[in-house]
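Trainee: This is the structure I have questions about; it appears just below.
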Amino acid sequence: MVSNMIDAAAAGTWRLGDLVVNRIGFGAMRLPQTGTALIPDAVPRDREQAVAVLRRAVELGVNHIDTAAFYFSPLRSANELINTALAPYSDDLVIATKVGPARDASGRWAPHAMTPDALRGQVEENLRQLGRDHLDLVNLRVLRRHGEFAERFGALAELRKAGLIRHLGLSNVGPEHLAEAQAIAPVACVQNPYGFGAFPEQERMLRLCGEHGVAFVPFYSLAGTREEEGRSGDDHPAINTVARAHGVSPAQIRLAWTLHQGPHVLAIPGTGDLAHLDQNVAAAAIRLTDEDLTTLNTP
């Protein structure tokens, strides 16, 4: 049985550039609303509940929070909730954000930021909302059909030189993007969809990052194909079997399995529920046996 008082450090640490973080972090996408995220009519979450979740995460040793200016509901902004709950920020807290996608004031998707000026505007908006003079890490979110990747990443590299950004990362990319970006500036991490049942191309990206010493930060590791809708109550029979053997939840086994894929793999499960937060962090202490992994990895 895994205690809900386990510290996030139980899974060990990895680096985001020169910043050391615990491998269990926190994703803020779910904070501004209940139910499906990133939709215009999302139901805003209770502010006190959201603030309490953030403060509890830090109490449990979480020192890597993933957010974005486009994470908002009609009354709540993830960045401003983070600012309210955690400022002034501790020296060891790493806040990663991302740029590229955009939503208008109604919450509907707007065109991606495709120019240096548009990207700078998004960086400055994240700075304003978080109340900071620099961003620890900025991920460039990529739509595969969009061109001008080098120009966009180069624009962020210039903002890094100017001191607005400390480290750069990539999101939703392929091997060609990583190679192209590394020729421009150091890449601290790659954020791609990944979790139990991942496709071969997703596995290849995880392995490639490991070969380069780049942190791999999977998103939707709990939700899977449900994505913005969040996790469901149903799960794979093998996950249920291993969860019963360890006396933990299937979601905790999904997180533990993800962390077992390599020391460079970080997890950023998101939740607006205190009980789920404790369970997510407690997954840091689950040690899967060879037998467990065989059960989970057998098609």
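Labeling convention for the structure tokens: chains A, B, ... as they appear, residues from 1 per chain, ligands from 1 in order of appearance.
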Can you tell me, as a list in words, what residues are no more than 7 Å from range 197-207 of chain A when counting only C-alpha atoms, ignoring any on the same chain fewer than 3 positions away?
Mentor: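 My reading of the contact set: Gly174, Pro175, Tyr194, Gly210, Glu211 and Phe216 of chain A.
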Trainee: Can I get the selection written as a short mmCIF file (atom, residue, chain, number, x, y, z; two decimals), in the first residue's frame, with N, CA, C and O atoms?
Mentor:
```cif
data_model
loop_
_atom_site.label_atom_id
_atom_site.label_comp_id
_atom_site.auth_asym_id
_atom_site.auth_seq_id
_atom_site.Cartn_x
_atom_site.Cartn_y
_atom_site.Cartn_z
N GLY A 174 8.07 15.89 -33.89
CA GLY A 174 8.71 14.68 -34.37
C GLY A 174 10.22 14.81 -34.30
O GLY A 174 10.76 15.86 -33.97
N PRO A 175 10.94 13.75 -34.65
CA PRO A 175 12.40 13.76 -34.59
C PRO A 175 13.02 14.89 -35.41
O PRO A 175 14.04 15.46 -35.02
N TYR A 194 1.79 10.73 -24.67
CA TYR A 194 2.41 9.43 -24.39
C TYR A 194 1.78 8.86 -23.13
O TYR A 194 1.47 9.58 -22.19
N GLY A 210 15.86 10.30 -24.70
CA GLY A 210 16.78 9.68 -23.77
C GLY A 210 18.19 9.64 -24.31
O GLY A 210 19.17 9.88 -23.59
N GLU A 211 18.33 9.35 -25.59
CA GLU A 211 19.66 9.30 -26.21
C GLU A 211 20.33 10.66 -26.19
O GLU A 211 21.57 10.75 -26.12
N PHE A 216 11.79 14.06 -21.29
CA PHE A 216 10.57 13.75 -22.04
C PHE A 216 9.41 13.90 -21.08
O PHE A 216 9.37 13.24 -20.03
#
```
Trainee: Give the strand (DSSP E) residues of range 96-298 of chain A, as assigned by DSSP on the backbone, as a PyMOL selection string.
Mentor: chain A and resi 96-99+102-103+109-110+135-141+165-171+189-191+215-216
Trainee: May I have the residues within 7 Å of range 138-154 of chain A as a compact mmCIF listing (two decimals) with N, CA, C and O atoms, in the first residue's frame, using only C-alpha atoms and disregarding those fewer than 4 positions away in the same chain?
Mentor:
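Output contents, as saved in result02.txt:
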```
# COMPACT_ATOMS: atom_id res chain seq x y z
N ALA A 96 6.82 25.85 -16.08
CA ALA A 96 6.96 25.73 -17.53
C ALA A 96 5.66 26.16 -18.19
O ALA A 96 4.57 25.83 -17.72
N THR A 97 5.77 26.91 -19.26
CA THR A 97 4.58 27.30 -20.00
C THR A 97 4.80 26.98 -21.48
O THR A 97 5.84 26.46 -21.87
N LYS A 98 3.80 27.26 -22.28
CA LYS A 98 3.94 26.95 -23.70
C LYS A 98 3.29 28.04 -24.54
O LYS A 98 2.35 28.72 -24.08
N VAL A 99 3.78 28.20 -25.74
CA VAL A 99 3.26 29.22 -26.65
C VAL A 99 3.01 28.58 -28.02
O VAL A 99 3.51 27.51 -28.33
N GLY A 100 2.25 29.29 -28.81
CA GLY A 100 1.84 28.80 -30.13
C GLY A 100 0.34 28.84 -30.24
O GLY A 100 -0.23 29.69 -30.94
N PRO A 101 -0.38 27.96 -29.51
CA PRO A 101 -1.84 28.00 -29.57
C PRO A 101 -2.39 29.30 -28.98
O PRO A 101 -1.76 29.93 -28.14
N MET A 114 2.29 32.70 -35.28
CA MET A 114 3.19 32.25 -36.33
C MET A 114 4.31 33.24 -36.61
O MET A 114 5.19 32.95 -37.42
N THR A 115 4.30 34.39 -35.97
CA THR A 115 5.33 35.40 -36.23
C THR A 115 6.10 35.68 -34.94
O THR A 115 5.59 35.46 -33.83
N PRO A 116 7.32 36.23 -35.06
CA PRO A 116 8.08 36.59 -33.85
C PRO A 116 7.31 37.55 -32.95
O PRO A 116 7.34 37.40 -31.72
N GLU A 158 15.83 34.04 -29.49
CA GLU A 158 16.22 35.45 -29.31
C GLU A 158 15.68 35.99 -27.98
O GLU A 158 16.36 36.77 -27.29
N ILE A 165 13.40 34.37 -21.20
CA ILE A 165 13.20 32.93 -21.09
C ILE A 165 14.52 32.31 -20.65
O ILE A 165 15.59 32.67 -21.16
N HIS A 167 14.94 28.62 -20.38
CA HIS A 167 15.15 27.39 -21.15
C HIS A 167 14.02 27.22 -22.16
O HIS A 167 12.91 27.71 -21.96
N LEU A 168 14.32 26.48 -23.23
CA LEU A 168 13.36 26.24 -24.31
C LEU A 168 13.05 24.76 -24.42
O LEU A 168 13.90 23.90 -24.18
N GLY A 169 11.80 24.48 -24.82
CA GLY A 169 11.39 23.11 -25.07
C GLY A 169 10.47 23.05 -26.28
O GLY A 169 10.16 24.07 -26.90
N LEU A 170 10.04 21.84 -26.61
CA LEU A 170 9.19 21.60 -27.77
C LEU A 170 7.98 20.78 -27.34
O LEU A 170 8.05 19.99 -26.40
N SER A 171 6.88 20.95 -28.04
CA SER A 171 5.67 20.21 -27.73
C SER A 171 4.99 19.74 -29.01
O SER A 171 4.86 20.50 -29.97
N ASN A 172 4.60 18.45 -29.00
CA ASN A 172 3.87 17.85 -30.12
C ASN A 172 4.73 17.80 -31.38
O ASN A 172 4.30 18.21 -32.46
N VAL A 173 5.94 17.26 -31.24
CA VAL A 173 6.91 17.31 -32.33
C VAL A 173 7.37 15.92 -32.74
O VAL A 173 7.13 14.93 -32.05
N GLU A 180 16.23 19.99 -35.77
CA GLU A 180 16.26 21.35 -36.28
C GLU A 180 16.40 22.37 -35.15
O GLU A 180 17.15 23.34 -35.25
N ALA A 181 15.68 22.12 -34.06
CA ALA A 181 15.74 23.04 -32.93
C ALA A 181 17.11 23.02 -32.27
O ALA A 181 17.65 24.07 -31.89
N ILE A 184 19.65 25.30 -33.42
CA ILE A 184 19.41 26.73 -33.16
C ILE A 184 19.74 27.09 -31.71
O ILE A 184 20.39 28.11 -31.45
```
Trainee: Go through A:Ile286, A:Ala68, A:Ala52, A:Leu130 one by one, measure the shortest atom-to-atom distance of each to Tyr89 in chain A using only C-alpha atoms, and give the residue with the smallest value.
Mentor: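 Nearest to Tyr89 in chain A: A:Leu130.
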Trainee: Would you return as a ChimeraX atom specification the members of range 32-229 of chain A that DSSP assigns to helix (DSSP H, G or I) on this structure's backbone?
Mentor: /A:47-59,78-86,116-130,149-161,175-182,200-212,224-229
Trainee: Tell me which protein, DNA and RNA residues are within 8 Å of range 239-252 of chain A, counting only C-alpha atoms, leaving out same-chain ones fewer than 3 positions away, and put them as a PyMOL selection string.
Mentor: chain A and resi 1-2+222+235-236+255-256+279-280+282-283+292+295-296
Trainee: Save the residues we just selected, N, CA and C atoms, as a PDB file, in the first residue's frame?
Mentor:
```
ATOM      1  N   MET A   1       0.852  -1.194   0.000  1.00  0.00           N
ATOM      2  CA  MET A   1       0.000   0.000   0.000  1.00  0.00           C
ATOM      3  C   MET A   1       0.883   1.236   0.000  1.00  0.00           C
ATOM      4  N   VAL A   2       0.539   2.213  -0.816  1.00  0.00           N
ATOM      5  CA  VAL A   2       1.318   3.437  -0.913  1.00  0.00           C
ATOM      6  C   VAL A   2       0.619   4.544  -0.146  1.00  0.00           C
ATOM      7  N   LEU A 222      -2.579  10.069 -18.313  1.00  0.00           N
ATOM      8  CA  LEU A 222      -3.719   9.476 -17.608  1.00  0.00           C
ATOM      9  C   LEU A 222      -4.961   9.414 -18.476  1.00  0.00           C
ATOM     10  N   ASP A 235     -10.603   0.868 -17.370  1.00  0.00           N
ATOM     11  CA  ASP A 235      -9.185   0.717 -17.591  1.00  0.00           C
ATOM     12  C   ASP A 235      -8.874  -0.637 -18.198  1.00  0.00           C
ATOM     13  N   HIS A 236      -7.631  -0.788 -18.644  1.00  0.00           N
ATOM     14  CA  HIS A 236      -7.155  -2.010 -19.278  1.00  0.00           C
ATOM     15  C   HIS A 236      -7.094  -3.129 -18.237  1.00  0.00           C
ATOM     16  N   LEU A 255       0.627   6.007 -14.054  1.00  0.00           N
ATOM     17  CA  LEU A 255       1.714   6.947 -13.782  1.00  0.00           C
ATOM     18  C   LEU A 255       3.007   6.203 -13.487  1.00  0.00           C
ATOM     19  N   ALA A 256       2.929   5.156 -12.670  1.00  0.00           N
ATOM     20  CA  ALA A 256       4.135   4.393 -12.343  1.00  0.00           C
ATOM     21  C   ALA A 256       4.740   3.768 -13.591  1.00  0.00           C
ATOM     22  N   GLN A 279      -3.061  10.979  -4.549  1.00  0.00           N
ATOM     23  CA  GLN A 279      -2.847   9.689  -5.204  1.00  0.00           C
ATOM     24  C   GLN A 279      -1.817   9.794  -6.325  1.00  0.00           C
ATOM     25  N   ASN A 280      -1.889  10.867  -7.097  1.00  0.00           N
ATOM     26  CA  ASN A 280      -0.933  11.043  -8.188  1.00  0.00           C
ATOM     27  C   ASN A 280       0.489  11.135  -7.665  1.00  0.00           C
ATOM     28  N   ALA A 282       1.591  10.070  -4.794  1.00  0.00           N
ATOM     29  CA  ALA A 282       1.958   8.804  -4.167  1.00  0.00           C
ATOM     30  C   ALA A 282       2.447   7.779  -5.183  1.00  0.00           C
ATOM     31  N   ALA A 283       2.051   7.926  -6.444  1.00  0.00           N
ATOM     32  CA  ALA A 283       2.524   7.006  -7.489  1.00  0.00           C
ATOM     33  C   ALA A 283       4.035   7.070  -7.647  1.00  0.00           C
ATOM     34  N   ASP A 292       5.399  -7.423 -13.081  1.00  0.00           N
ATOM     35  CA  ASP A 292       4.390  -6.395 -13.354  1.00  0.00           C
ATOM     36  C   ASP A 292       4.558  -5.841 -14.762  1.00  0.00           C
ATOM     37  N   THR A 295       3.465  -8.192 -17.430  1.00  0.00           N
ATOM     38  CA  THR A 295       2.000  -8.200 -17.518  1.00  0.00           C
ATOM     39  C   THR A 295       1.487  -6.985 -18.266  1.00  0.00           C
ATOM     40  N   LEU A 296       2.048  -5.813 -17.960  1.00  0.00           N
ATOM     41  CA  LEU A 296       1.578  -4.580 -18.570  1.00  0.00           C
ATOM     42  C   LEU A 296       1.995  -4.453 -20.037  1.00  0.00           C
TER      43      LEU A 296
END
```
